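This is data-v6.pdb. It holds PDB, C-alpha atoms and all ligand atoms.
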```
MODEL        1
ATOM      1  CA  MET A   6       6.135  28.014  -1.699  1.00  0.00           C
ATOM      2  CA  LYS A   7       6.185  24.462  -3.000  1.00  0.00           C
ATOM      3  CA  VAL A   8       2.878  22.630  -2.802  1.00  0.00           C
ATOM      4  CA  PRO A   9       3.217  19.379  -0.822  1.00  0.00           C
ATOM      5  CA  LEU A  10       2.850  16.152  -2.772  1.00  0.00           C
ATOM      6  CA  THR A  11       0.117  13.920  -1.387  1.00  0.00           C
ATOM      7  CA  VAL A  12      -0.252  10.457  -2.863  1.00  0.00           C
ATOM      8  CA  VAL A  13      -2.520   7.471  -2.288  1.00  0.00           C
ATOM      9  CA  PHE A  14      -1.705   4.025  -3.652  1.00  0.00           C
ATOM     10  CA  LEU A  15      -4.417   1.492  -4.429  1.00  0.00           C
ATOM     11  CA  GLY A  16      -3.627  -2.006  -5.621  1.00  0.00           C
ATOM     12  CA  ALA A  17      -4.428  -5.635  -4.983  1.00  0.00           C
ATOM     13  CA  PRO A  18      -2.222  -7.806  -2.768  1.00  0.00           C
ATOM     14  CA  GLY A  19       0.815  -8.673  -4.891  1.00  0.00           C
ATOM     15  CA  ALA A  20       0.388  -5.670  -7.225  1.00  0.00           C
ATOM     16  CA  GLY A  21       3.533  -4.100  -5.816  1.00  0.00           C
ATOM     17  CA  LYS A  22       2.112  -0.917  -4.343  1.00  0.00           C
ATOM     18  CA  GLY A  23       4.262  -1.157  -1.213  1.00  0.00           C
ATOM     19  CA  THR A  24       7.373  -1.334  -3.394  1.00  0.00           C
ATOM     20  CA  GLN A  25       6.280   1.650  -5.505  1.00  0.00           C
ATOM     21  CA  ALA A  26       5.417   3.632  -2.385  1.00  0.00           C
ATOM     22  CA  ARG A  27       8.899   3.010  -0.958  1.00  0.00           C
ATOM     23  CA  VAL A  28      10.652   3.960  -4.206  1.00  0.00           C
ATOM     24  CA  LEU A  29       8.627   7.166  -4.605  1.00  0.00           C
ATOM     25  CA  SER A  30       9.177   8.018  -0.962  1.00  0.00           C
ATOM     26  CA  GLY A  31      12.941   7.910  -1.568  1.00  0.00           C
ATOM     27  CA  GLU A  32      12.690   9.993  -4.736  1.00  0.00           C
ATOM     28  CA  TYR A  33      10.689  12.818  -3.176  1.00  0.00           C
ATOM     29  CA  GLY A  34      12.021  12.573   0.359  1.00  0.00           C
ATOM     30  CA  ILE A  35       8.509  12.299   1.778  1.00  0.00           C
ATOM     31  CA  PRO A  36       7.395   9.584   4.201  1.00  0.00           C
ATOM     32  CA  HIS A  37       5.772   6.318   3.164  1.00  0.00           C
ATOM     33  CA  VAL A  38       2.848   6.101   5.569  1.00  0.00           C
ATOM     34  CA  SER A  39       1.664   2.507   5.702  1.00  0.00           C
ATOM     35  CA  THR A  40      -1.431   1.990   7.836  1.00  0.00           C
ATOM     36  CA  GLY A  41      -0.126  -1.349   9.076  1.00  0.00           C
ATOM     37  CA  ASP A  42       3.119   0.254  10.233  1.00  0.00           C
ATOM     38  CA  ILE A  43       1.549   3.245  11.964  1.00  0.00           C
ATOM     39  CA  LEU A  44      -1.003   1.041  13.722  1.00  0.00           C
ATOM     40  CA  ARG A  45       1.769  -1.203  15.030  1.00  0.00           C
ATOM     41  CA  GLU A  46       3.766   1.862  16.026  1.00  0.00           C
ATOM     42  CA  ALA A  47       0.808   3.429  17.868  1.00  0.00           C
ATOM     43  CA  ILE A  48       0.273   0.186  19.756  1.00  0.00           C
ATOM     44  CA  LYS A  49       3.951  -0.132  20.633  1.00  0.00           C
ATOM     45  CA  SER A  50       4.147   3.442  21.904  1.00  0.00           C
ATOM     46  CA  LYS A  51       1.028   2.798  24.042  1.00  0.00           C
ATOM     47  CA  SER A  52      -0.533   6.076  22.886  1.00  0.00           C
ATOM     48  CA  PRO A  53      -4.215   6.459  23.868  1.00  0.00           C
ATOM     49  CA  LEU A  54      -5.289   5.700  20.283  1.00  0.00           C
ATOM     50  CA  GLY A  55      -2.884   2.770  20.108  1.00  0.00           C
ATOM     51  CA  MET A  56      -4.356   1.309  23.286  1.00  0.00           C
ATOM     52  CA  GLU A  57      -7.837   1.739  21.852  1.00  0.00           C
ATOM     53  CA  ALA A  58      -6.790  -0.084  18.662  1.00  0.00           C
ATOM     54  CA  LYS A  59      -5.130  -2.874  20.646  1.00  0.00           C
ATOM     55  CA  LYS A  60      -8.280  -3.455  22.679  1.00  0.00           C
ATOM     56  CA  LYS A  61     -10.243  -4.038  19.451  1.00  0.00           C
ATOM     57  CA  MET A  62      -7.594  -6.287  17.935  1.00  0.00           C
ATOM     58  CA  ASP A  63      -7.252  -8.367  21.112  1.00  0.00           C
ATOM     59  CA  ALA A  64     -11.014  -8.862  21.034  1.00  0.00           C
ATOM     60  CA  GLY A  65     -10.689 -10.089  17.447  1.00  0.00           C
ATOM     61  CA  GLU A  66     -12.562  -7.054  16.116  1.00  0.00           C
ATOM     62  CA  LEU A  67     -11.700  -4.690  13.297  1.00  0.00           C
ATOM     63  CA  VAL A  68     -10.201  -1.386  14.344  1.00  0.00           C
ATOM     64  CA  SER A  69     -12.941   1.164  13.607  1.00  0.00           C
ATOM     65  CA  ASP A  70     -12.719   3.702  10.785  1.00  0.00           C
ATOM     66  CA  GLU A  71     -12.773   6.379  13.461  1.00  0.00           C
ATOM     67  CA  ILE A  72      -9.646   5.115  15.252  1.00  0.00           C
ATOM     68  CA  VAL A  73      -7.790   4.442  11.994  1.00  0.00           C
ATOM     69  CA  CYS A  74      -8.587   7.974  10.768  1.00  0.00           C
ATOM     70  CA  LEU A  75      -7.423   9.542  14.019  1.00  0.00           C
ATOM     71  CA  ILE A  76      -4.171   7.571  13.968  1.00  0.00           C
ATOM     72  CA  VAL A  77      -3.567   8.596  10.329  1.00  0.00           C
ATOM     73  CA  GLU A  78      -4.301  12.239  11.141  1.00  0.00           C
ATOM     74  CA  GLU A  79      -1.907  12.141  14.083  1.00  0.00           C
ATOM     75  CA  ARG A  80       0.771  10.791  11.743  1.00  0.00           C
ATOM     76  CA  LEU A  81       0.143  13.399   9.020  1.00  0.00           C
ATOM     77  CA  ARG A  82       0.507  16.214  11.547  1.00  0.00           C
ATOM     78  CA  ARG A  83       4.131  15.312  12.191  1.00  0.00           C
ATOM     79  CA  VAL A  84       6.746  17.665  10.823  1.00  0.00           C
ATOM     80  CA  ASP A  85       8.278  15.117   8.422  1.00  0.00           C
ATOM     81  CA  CYS A  86       5.013  15.224   6.432  1.00  0.00           C
ATOM     82  CA  SER A  87       5.238  18.970   5.778  1.00  0.00           C
ATOM     83  CA  GLN A  88       6.371  18.407   2.161  1.00  0.00           C
ATOM     84  CA  GLY A  89       3.839  15.658   1.638  1.00  0.00           C
ATOM     85  CA  PHE A  90       3.427  11.918   2.149  1.00  0.00           C
ATOM     86  CA  ILE A  91       2.464   8.662   0.483  1.00  0.00           C
ATOM     87  CA  LEU A  92      -0.442   6.688   1.907  1.00  0.00           C
ATOM     88  CA  ASP A  93      -0.405   2.917   1.575  1.00  0.00           C
ATOM     89  CA  GLY A  94      -3.337   0.945   2.992  1.00  0.00           C
ATOM     90  CA  PHE A  95      -5.475   4.034   3.585  1.00  0.00           C
ATOM     91  CA  PRO A  96      -8.193   4.851   2.711  1.00  0.00           C
ATOM     92  CA  ARG A  97      -9.761   1.401   2.503  1.00  0.00           C
ATOM     93  CA  THR A  98     -13.423   2.437   2.573  1.00  0.00           C
ATOM     94  CA  ILE A  99     -15.516   5.297   1.193  1.00  0.00           C
ATOM     95  CA  ALA A 100     -16.048   6.509   4.761  1.00  0.00           C
ATOM     96  CA  GLN A 101     -12.270   6.728   5.209  1.00  0.00           C
ATOM     97  CA  ALA A 102     -11.884   8.472   1.830  1.00  0.00           C
ATOM     98  CA  GLU A 103     -14.446  11.059   2.890  1.00  0.00           C
ATOM     99  CA  ARG A 104     -12.649  11.606   6.166  1.00  0.00           C
ATOM    100  CA  LEU A 105      -9.391  12.056   4.274  1.00  0.00           C
ATOM    101  CA  ALA A 106     -11.019  14.600   1.932  1.00  0.00           C
ATOM    102  CA  GLU A 107     -12.165  16.542   4.982  1.00  0.00           C
ATOM    103  CA  MET A 108      -8.843  16.183   6.824  1.00  0.00           C
ATOM    104  CA  LEU A 109      -6.446  17.279   4.059  1.00  0.00           C
ATOM    105  CA  PRO A 110      -7.642  20.883   3.524  1.00  0.00           C
ATOM    106  CA  ARG A 111      -7.895  21.268   7.288  1.00  0.00           C
ATOM    107  CA  LEU A 112      -4.198  20.287   7.571  1.00  0.00           C
ATOM    108  CA  LEU A 113      -3.433  22.571   4.566  1.00  0.00           C
ATOM    109  CA  PHE A 114      -2.639  19.701   2.211  1.00  0.00           C
ATOM    110  CA  PRO A 115      -3.916  19.428  -1.375  1.00  0.00           C
ATOM    111  CA  LEU A 116      -6.219  16.551  -2.381  1.00  0.00           C
ATOM    112  CA  PRO A 117      -4.225  13.410  -3.205  1.00  0.00           C
ATOM    113  CA  MET A 118      -3.104  11.984  -6.521  1.00  0.00           C
ATOM    114  CA  VAL A 119      -4.428   8.438  -6.424  1.00  0.00           C
ATOM    115  CA  PHE A 120      -2.480   5.772  -8.270  1.00  0.00           C
ATOM    116  CA  HIS A 121      -4.219   2.502  -8.953  1.00  0.00           C
ATOM    117  CA  ILE A 122      -1.572  -0.119  -9.693  1.00  0.00           C
ATOM    118  CA  ASN A 123      -3.591  -2.313 -11.989  1.00  0.00           C
ATOM    119  CA  VAL A 124      -2.600  -5.947 -12.441  1.00  0.00           C
ATOM    120  CA  GLY A 125      -4.960  -8.527 -13.968  1.00  0.00           C
ATOM    121  CA  GLU A 126      -6.201 -11.346 -11.755  1.00  0.00           C
ATOM    122  CA  GLU A 127      -4.427 -14.015 -13.792  1.00  0.00           C
ATOM    123  CA  GLU A 128      -1.053 -12.299 -13.479  1.00  0.00           C
ATOM    124  CA  LEU A 129      -1.566 -11.708  -9.747  1.00  0.00           C
ATOM    125  CA  VAL A 130      -2.478 -15.310  -9.105  1.00  0.00           C
ATOM    126  CA  LYS A 131       0.644 -16.376 -10.946  1.00  0.00           C
ATOM    127  CA  ARG A 132       2.849 -14.007  -8.950  1.00  0.00           C
ATOM    128  CA  LEU A 133       1.421 -15.089  -5.631  1.00  0.00           C
ATOM    129  CA  THR A 134       1.101 -18.824  -6.197  1.00  0.00           C
ATOM    130  CA  GLY A 135       4.644 -18.787  -7.589  1.00  0.00           C
ATOM    131  CA  ARG A 136       6.006 -17.449  -4.348  1.00  0.00           C
ATOM    132  CA  ARG A 137       8.176 -19.752  -2.260  1.00  0.00           C
ATOM    133  CA  SER A 138       9.756 -18.778   0.993  1.00  0.00           C
ATOM    134  CA  CYS A 139      12.685 -20.357   2.764  1.00  0.00           C
ATOM    135  CA  SER A 140      11.551 -22.322   5.802  1.00  0.00           C
ATOM    136  CA  VAL A 141      14.743 -21.272   7.591  1.00  0.00           C
ATOM    137  CA  CYS A 142      15.671 -17.670   6.691  1.00  0.00           C
ATOM    138  CA  ARG A 143      12.368 -16.532   5.067  1.00  0.00           C
ATOM    139  CA  GLN A 144      14.044 -15.374   1.830  1.00  0.00           C
ATOM    140  CA  ILE A 145      11.378 -15.057  -0.906  1.00  0.00           C
ATOM    141  CA  TYR A 146      11.665 -16.628  -4.366  1.00  0.00           C
ATOM    142  CA  ASN A 147       9.293 -16.964  -7.279  1.00  0.00           C
ATOM    143  CA  ILE A 148       9.163 -20.001  -9.531  1.00  0.00           C
ATOM    144  CA  TYR A 149       7.974 -17.780 -12.417  1.00  0.00           C
ATOM    145  CA  GLY A 150      10.558 -15.061 -11.843  1.00  0.00           C
ATOM    146  CA  GLN A 151      13.289 -14.963  -9.273  1.00  0.00           C
ATOM    147  CA  ARG A 152      14.032 -18.685  -9.090  1.00  0.00           C
ATOM    148  CA  PRO A 153      16.416 -20.374  -6.687  1.00  0.00           C
ATOM    149  CA  ARG A 154      19.562 -21.842  -8.294  1.00  0.00           C
ATOM    150  CA  ILE A 155      18.565 -25.317  -7.117  1.00  0.00           C
ATOM    151  CA  GLU A 156      14.907 -26.279  -7.163  1.00  0.00           C
ATOM    152  CA  ASP A 157      13.164 -26.025  -3.767  1.00  0.00           C
ATOM    153  CA  GLN A 158      16.383 -24.974  -2.047  1.00  0.00           C
ATOM    154  CA  CYS A 159      17.351 -21.578  -0.638  1.00  0.00           C
ATOM    155  CA  ASP A 160      20.359 -19.895  -2.318  1.00  0.00           C
ATOM    156  CA  VAL A 161      21.256 -18.138   0.901  1.00  0.00           C
ATOM    157  CA  CYS A 162      21.139 -20.864   3.517  1.00  0.00           C
ATOM    158  CA  GLY A 163      20.231 -24.095   1.722  1.00  0.00           C
ATOM    159  CA  GLY A 164      16.921 -24.336   3.602  1.00  0.00           C
ATOM    160  CA  LYS A 165      13.886 -26.020   2.062  1.00  0.00           C
ATOM    161  CA  LEU A 166      11.512 -23.690   0.178  1.00  0.00           C
ATOM    162  CA  GLU A 167       7.836 -23.811   0.968  1.00  0.00           C
ATOM    163  CA  LEU A 168       4.521 -22.383  -0.207  1.00  0.00           C
ATOM    164  CA  ARG A 169       2.954 -20.238   2.508  1.00  0.00           C
ATOM    165  CA  GLU A 170      -0.604 -20.959   3.568  1.00  0.00           C
ATOM    166  CA  ASP A 171      -1.890 -17.567   2.380  1.00  0.00           C
ATOM    167  CA  ASP A 172      -0.245 -17.957  -1.032  1.00  0.00           C
ATOM    168  CA  LYS A 173      -2.334 -21.001  -1.868  1.00  0.00           C
ATOM    169  CA  MET A 174      -4.725 -20.682  -4.806  1.00  0.00           C
ATOM    170  CA  GLU A 175      -8.047 -20.726  -2.923  1.00  0.00           C
ATOM    171  CA  VAL A 176      -6.836 -18.220  -0.341  1.00  0.00           C
ATOM    172  CA  ILE A 177      -5.535 -15.914  -3.063  1.00  0.00           C
ATOM    173  CA  GLN A 178      -8.771 -15.982  -5.020  1.00  0.00           C
ATOM    174  CA  GLU A 179     -10.644 -15.193  -1.828  1.00  0.00           C
ATOM    175  CA  ARG A 180      -8.326 -12.283  -1.049  1.00  0.00           C
ATOM    176  CA  PHE A 181      -8.641 -11.000  -4.595  1.00  0.00           C
ATOM    177  CA  THR A 182     -12.451 -11.053  -4.535  1.00  0.00           C
ATOM    178  CA  GLU A 183     -12.454  -9.354  -1.148  1.00  0.00           C
ATOM    179  CA  TYR A 184     -10.035  -6.744  -2.447  1.00  0.00           C
ATOM    180  CA  THR A 185     -12.089  -6.064  -5.581  1.00  0.00           C
ATOM    181  CA  ASN A 186     -15.340  -5.725  -3.652  1.00  0.00           C
ATOM    182  CA  GLN A 187     -13.756  -3.305  -1.248  1.00  0.00           C
ATOM    183  CA  THR A 188     -11.675  -1.283  -3.695  1.00  0.00           C
ATOM    184  CA  GLU A 189     -13.945  -0.939  -6.742  1.00  0.00           C
ATOM    185  CA  PRO A 190     -16.105   1.699  -4.998  1.00  0.00           C
ATOM    186  CA  LEU A 191     -12.971   3.621  -3.962  1.00  0.00           C
ATOM    187  CA  ILE A 192     -11.633   3.590  -7.518  1.00  0.00           C
ATOM    188  CA  GLN A 193     -14.996   4.875  -8.690  1.00  0.00           C
ATOM    189  CA  TYR A 194     -15.006   7.557  -5.951  1.00  0.00           C
ATOM    190  CA  TYR A 195     -11.618   8.911  -6.986  1.00  0.00           C
ATOM    191  CA  ARG A 196     -12.336   8.622 -10.699  1.00  0.00           C
ATOM    192  CA  GLU A 197     -15.440  10.778 -10.329  1.00  0.00           C
ATOM    193  CA  ARG A 198     -13.354  13.410  -8.598  1.00  0.00           C
ATOM    194  CA  GLY A 199     -10.670  13.407 -11.284  1.00  0.00           C
ATOM    195  CA  LEU A 200      -8.007  12.242  -8.839  1.00  0.00           C
ATOM    196  CA  LEU A 201      -7.448   8.714 -10.160  1.00  0.00           C
ATOM    197  CA  PHE A 202      -4.527   7.634 -12.327  1.00  0.00           C
ATOM    198  CA  GLU A 203      -4.483   4.105 -13.707  1.00  0.00           C
ATOM    199  CA  ILE A 204      -1.003   2.594 -13.779  1.00  0.00           C
ATOM    200  CA  ASP A 205      -0.186  -0.586 -15.696  1.00  0.00           C
ATOM    201  CA  GLY A 206       1.172  -2.810 -12.956  1.00  0.00           C
ATOM    202  CA  SER A 207       2.159  -5.650 -15.271  1.00  0.00           C
ATOM    203  CA  LYS A 208       5.405  -3.821 -16.160  1.00  0.00           C
ATOM    204  CA  ASP A 209       8.640  -4.132 -14.208  1.00  0.00           C
ATOM    205  CA  ILE A 210       9.283  -2.087 -11.060  1.00  0.00           C
ATOM    206  CA  ASN A 211      11.381   0.556 -12.797  1.00  0.00           C
ATOM    207  CA  SER A 212       8.955   1.146 -15.698  1.00  0.00           C
ATOM    208  CA  ILE A 213       6.048   1.485 -13.288  1.00  0.00           C
ATOM    209  CA  ASN A 214       8.030   4.020 -11.302  1.00  0.00           C
ATOM    210  CA  GLN A 215       8.762   5.986 -14.512  1.00  0.00           C
ATOM    211  CA  ASP A 216       5.055   6.016 -15.398  1.00  0.00           C
ATOM    212  CA  ILE A 217       4.178   7.343 -11.945  1.00  0.00           C
ATOM    213  CA  LEU A 218       6.880  10.018 -12.110  1.00  0.00           C
ATOM    214  CA  SER A 219       5.690  11.246 -15.489  1.00  0.00           C
ATOM    215  CA  VAL A 220       2.127  11.601 -14.191  1.00  0.00           C
ATOM    216  CA  ILE A 221       3.339  13.567 -11.184  1.00  0.00           C
ATOM    217  CA  LYS A 222       5.587  15.791 -13.265  1.00  0.00           C
ATOM    218  CA  SER A 223       2.881  16.572 -15.792  1.00  0.00           C
ATOM    219  CA  SER A 224       0.315  17.358 -13.107  1.00  0.00           C
ATOM    220  CA  LYS A 225      -0.543  20.867 -12.044  1.00  0.00           C
ATOM    221  CA  VAL A 226       0.270  19.994  -8.445  1.00  0.00           C
ATOM    222  CA  LEU A 227       4.003  20.475  -8.801  1.00  0.00           C
ATOM    223  CA  SER A 228       4.046  22.942 -11.681  1.00  0.00           C
ATOM    224  CA  ASN A 229       5.040  25.815  -9.413  1.00  0.00           C
TER     225      ASN A 229
HETATM  226 ZN    ZN B 301      17.209 -19.616   3.521  1.00  0.00          ZN
ENDMDL
END
```

Using structure tokens, write down the structure that the file contains.
Ligand SMILES: [Zn+2]
Amino acid sequence: MKVPLTVVFLGAPGAGKGTQARVLSGEYGIPHVSTGDILREAIKSKSPLGMEAKKKMDAGELVSDEIVCLIVEERLRRVDCSQGFILDGFPRTIAQAERLAEMLPRLLFPLPMVFHINVGEEELVKRLTGRRSCSVCRQIYNIYGQRPRIEDQCDVCGGKLELREDDKMEVIQERFTEYTNQTEPLIQYYRERGLLFEIDGSKDINSINQDILSVIKSSKVLSN
């Protein structure tokens, strides 16, 4: 029997982990489980856990580790996860990582391969502050990469391009510091357990994907 592939992605905002998770999900035919998506879904379906989460969010509070873990577990029990899954946005804390380590063997899954998509702060700041979005159709551009044909004007609809509030320099630096403080312990946790793989996130999307694939293929997990 094939061993399921279980993957966790870690990476700063703008590092491209969502993109890599989606690509890998297509390649292995296993679901991309994004915490944001499953929380929204649980709330929309008005499941008991979703209602619990909504109560917290409406009160302006963080959804507790406990509720997040239960919602993730509920998701991983679904039949489409039987060959594995890719987690994006979970775990975020050591407590969540410990819950995951307890949950996986119980659900007969192997421990995850954890990919840290590593992009230097300078490069990240450039990517994020370079972002411009169309004020009309929301199309995203980047003044350092995917530029519009005419400056400050959307190729699709001609709308004016703008810098979003959360892509401004101060906000980005704040998010980056917050991310580092929160994620450094997780990286350390997985490194100590031999589950962490550092991926150079400064490369293009396709090269990063190739690097991830070669790690997976050379791992013992799928050797049978
Ligand atoms: Zn537009």

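Proximity of A:Val130, A:Ile210, A:Leu109, A:Ile145 to Pro9 of chain A, computed with only C-alpha atoms, is greatest for A:Leu109.
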
message = Here's the selection I'm unsure about, the PyMOL selection byres (((not hetatm)) within 6 of (chain B and resi 301)); applied to the file above, which residues does it give, as a PyMOL selection string?
response = chain A and resi 139+141-144+159+161-164

query = Which neighbours of Ser69 of chain A fall inside 12 Å, counting all atoms listed in the file, when residues of the same chain fewer than 2 positions from it are skipped, and could you give them as number ranges by chain?
reply = A: 44, 54, 57-62, 66-67, 71-76, 97-98, 100-101

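Atom CA of Gly125 of chain A is found 23.4 Å from atom CA of Ser138 of chain A.
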
message = Take the PyMOL selection byres (((chain A and resi 112) around 12) and not hetatm), run it mentally on this structure, and tell me the resulting residues as a count of residues only.
response = 23

key: Top pick for closest residue to Arg104 of chain A, considering A:Gly150, A:Val77, A:Thr24, A:Leu29 and counting all atoms listed in the file   = A:Val77

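You will find atom CA of Ser223 of chain A at 19.0 Å from atom CA of Gly34 of chain A.
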
task = Determine the residue membership of the PyMOL selection byres (((chain A and resi 30) around 12) and not hetatm) for the file above and supply it as a ChimeraX atom specification.
result = /A:10-14,22-29,31-39,85-86,88-93,214,218

ask   = Which polymer residues have any atom within 8 Å of an atom of segment 191-208 of chain A, counting only C-alpha atoms, with same-chain residues fewer than 6 positions away left out, as a PyMOL selection string?
value = chain A and resi 20-21+97-99+102+116-125+128+216-217+220

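Reported to one decimal place, the separation of atom CA of Ile148 of chain A from atom CA of Gly135 of chain A is 5.1 Å.
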
remark   = With distances taken over all atoms listed in the file, the candidate from A:Asp70, A:Asp63, A:Glu127, A:Glu183 nearest Glu103 of chain A is A:Asp70

Just need the box for segment 175-180 of chain A, edges along x, y and z, holding every atom the file lists for it with 4 Å tacked onto each side, so centre and edge lengths in Å to one decimal, as AutoDock Vina command-line options.
```
--center_x -8.1 --center_y -16.5 --center_z -2.7 --size_x 13.1 --size_y 16.4 --size_z 12.7
```

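The smallest atom-to-atom distance between Leu129 of chain A and any of A:Ser224, A:Met174, A:Ile48, A:Ile213, using only C-alpha atoms, is found for A:Met174.
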
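When only C-alpha atoms are used to measure the gap to Gln187 of chain A, the shortest distance among A:Arg137, A:Thr40, A:Lys165, A:Pro96 belongs to A:Pro96.
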
query = Hey, which of A:Ser50, A:Ala17, A:Leu166, A:Gly41 ends up closest to Arg132 of chain A? Count all atoms listed in the file.
reply = A:Ala17

Your completed segment 134-158 of chain A with N, CA and C atoms, as a PDB file, keeping the file's coordinate frame:
```
ATOM      1  N   THR A 134       0.967 -17.373  -6.366  1.00  0.00           N
ATOM      2  CA  THR A 134       1.101 -18.824  -6.197  1.00  0.00           C
ATOM      3  C   THR A 134       2.514 -19.281  -6.523  1.00  0.00           C
ATOM      4  N   GLY A 135       3.268 -18.436  -7.263  1.00  0.00           N
ATOM      5  CA  GLY A 135       4.644 -18.787  -7.589  1.00  0.00           C
ATOM      6  C   GLY A 135       5.614 -18.505  -6.449  1.00  0.00           C
ATOM      7  N   ARG A 136       5.125 -17.821  -5.443  1.00  0.00           N
ATOM      8  CA  ARG A 136       6.006 -17.449  -4.348  1.00  0.00           C
ATOM      9  C   ARG A 136       6.404 -18.649  -3.504  1.00  0.00           C
ATOM     10  N   ARG A 137       7.698 -18.720  -3.178  1.00  0.00           N
ATOM     11  CA  ARG A 137       8.176 -19.752  -2.260  1.00  0.00           C
ATOM     12  C   ARG A 137       9.047 -19.045  -1.245  1.00  0.00           C
ATOM     13  N   SER A 138       8.876 -19.405   0.009  1.00  0.00           N
ATOM     14  CA  SER A 138       9.756 -18.778   0.993  1.00  0.00           C
ATOM     15  C   SER A 138      10.564 -19.840   1.719  1.00  0.00           C
ATOM     16  N   CYS A 139      11.776 -19.434   2.092  1.00  0.00           N
ATOM     17  CA  CYS A 139      12.685 -20.357   2.764  1.00  0.00           C
ATOM     18  C   CYS A 139      12.161 -20.648   4.161  1.00  0.00           C
ATOM     19  N   SER A 140      12.083 -21.934   4.493  1.00  0.00           N
ATOM     20  CA  SER A 140      11.551 -22.322   5.802  1.00  0.00           C
ATOM     21  C   SER A 140      12.519 -21.959   6.925  1.00  0.00           C
ATOM     22  N   VAL A 141      13.759 -21.614   6.555  1.00  0.00           N
ATOM     23  CA  VAL A 141      14.743 -21.272   7.591  1.00  0.00           C
ATOM     24  C   VAL A 141      14.926 -19.755   7.697  1.00  0.00           C
ATOM     25  N   CYS A 142      15.333 -19.096   6.583  1.00  0.00           N
ATOM     26  CA  CYS A 142      15.671 -17.670   6.691  1.00  0.00           C
ATOM     27  C   CYS A 142      14.595 -16.750   6.110  1.00  0.00           C
ATOM     28  N   ARG A 143      13.505 -17.313   5.559  1.00  0.00           N
ATOM     29  CA  ARG A 143      12.368 -16.532   5.067  1.00  0.00           C
ATOM     30  C   ARG A 143      12.620 -15.782   3.765  1.00  0.00           C
ATOM     31  N   GLN A 144      13.767 -15.977   3.141  1.00  0.00           N
ATOM     32  CA  GLN A 144      14.044 -15.374   1.830  1.00  0.00           C
ATOM     33  C   GLN A 144      12.934 -15.770   0.856  1.00  0.00           C
ATOM     34  N   ILE A 145      12.483 -14.795   0.029  1.00  0.00           N
ATOM     35  CA  ILE A 145      11.378 -15.057  -0.906  1.00  0.00           C
ATOM     36  C   ILE A 145      11.901 -15.317  -2.324  1.00  0.00           C
ATOM     37  N   TYR A 146      11.357 -16.324  -2.969  1.00  0.00           N
ATOM     38  CA  TYR A 146      11.665 -16.628  -4.366  1.00  0.00           C
ATOM     39  C   TYR A 146      10.371 -16.666  -5.151  1.00  0.00           C
ATOM     40  N   ASN A 147      10.490 -16.770  -6.479  1.00  0.00           N
ATOM     41  CA  ASN A 147       9.293 -16.964  -7.279  1.00  0.00           C
ATOM     42  C   ASN A 147       9.612 -17.904  -8.426  1.00  0.00           C
ATOM     43  N   ILE A 148       8.842 -18.993  -8.515  1.00  0.00           N
ATOM     44  CA  ILE A 148       9.163 -20.001  -9.531  1.00  0.00           C
ATOM     45  C   ILE A 148       8.924 -19.486 -10.945  1.00  0.00           C
ATOM     46  N   TYR A 149       8.175 -18.367 -11.095  1.00  0.00           N
ATOM     47  CA  TYR A 149       7.974 -17.780 -12.417  1.00  0.00           C
ATOM     48  C   TYR A 149       8.942 -16.624 -12.670  1.00  0.00           C
ATOM     49  N   GLY A 150       9.678 -16.212 -11.656  1.00  0.00           N
ATOM     50  CA  GLY A 150      10.558 -15.061 -11.843  1.00  0.00           C
ATOM     51  C   GLY A 150      11.910 -15.303 -11.214  1.00  0.00           C
ATOM     52  N   GLN A 151      12.014 -14.864  -9.964  1.00  0.00           N
ATOM     53  CA  GLN A 151      13.289 -14.963  -9.273  1.00  0.00           C
ATOM     54  C   GLN A 151      13.457 -16.369  -8.679  1.00  0.00           C
ATOM     55  N   ARG A 152      13.932 -17.285  -9.528  1.00  0.00           N
ATOM     56  CA  ARG A 152      14.032 -18.685  -9.090  1.00  0.00           C
ATOM     57  C   ARG A 152      15.277 -18.953  -8.261  1.00  0.00           C
ATOM     58  N   PRO A 153      15.199 -19.959  -7.388  1.00  0.00           N
ATOM     59  CA  PRO A 153      16.416 -20.374  -6.687  1.00  0.00           C
ATOM     60  C   PRO A 153      17.335 -21.109  -7.669  1.00  0.00           C
ATOM     61  N   ARG A 154      18.628 -21.153  -7.380  1.00  0.00           N
ATOM     62  CA  ARG A 154      19.562 -21.842  -8.294  1.00  0.00           C
ATOM     63  C   ARG A 154      19.263 -23.335  -8.343  1.00  0.00           C
ATOM     64  N   ILE A 155      18.945 -23.895  -7.159  1.00  0.00           N
ATOM     65  CA  ILE A 155      18.565 -25.317  -7.117  1.00  0.00           C
ATOM     66  C   ILE A 155      17.094 -25.385  -6.720  1.00  0.00           C
ATOM     67  N   GLU A 156      16.338 -26.203  -7.413  1.00  0.00           N
ATOM     68  CA  GLU A 156      14.907 -26.279  -7.163  1.00  0.00           C
ATOM     69  C   GLU A 156      14.599 -26.569  -5.695  1.00  0.00           C
ATOM     70  N   ASP A 157      13.639 -25.819  -5.137  1.00  0.00           N
ATOM     71  CA  ASP A 157      13.164 -26.025  -3.767  1.00  0.00           C
ATOM     72  C   ASP A 157      14.229 -25.830  -2.689  1.00  0.00           C
ATOM     73  N   GLN A 158      15.336 -25.162  -3.052  1.00  0.00           N
ATOM     74  CA  GLN A 158      16.383 -24.974  -2.047  1.00  0.00           C
ATOM     75  C   GLN A 158      16.833 -23.524  -2.019  1.00  0.00           C
TER      76      GLN A 158
END
```
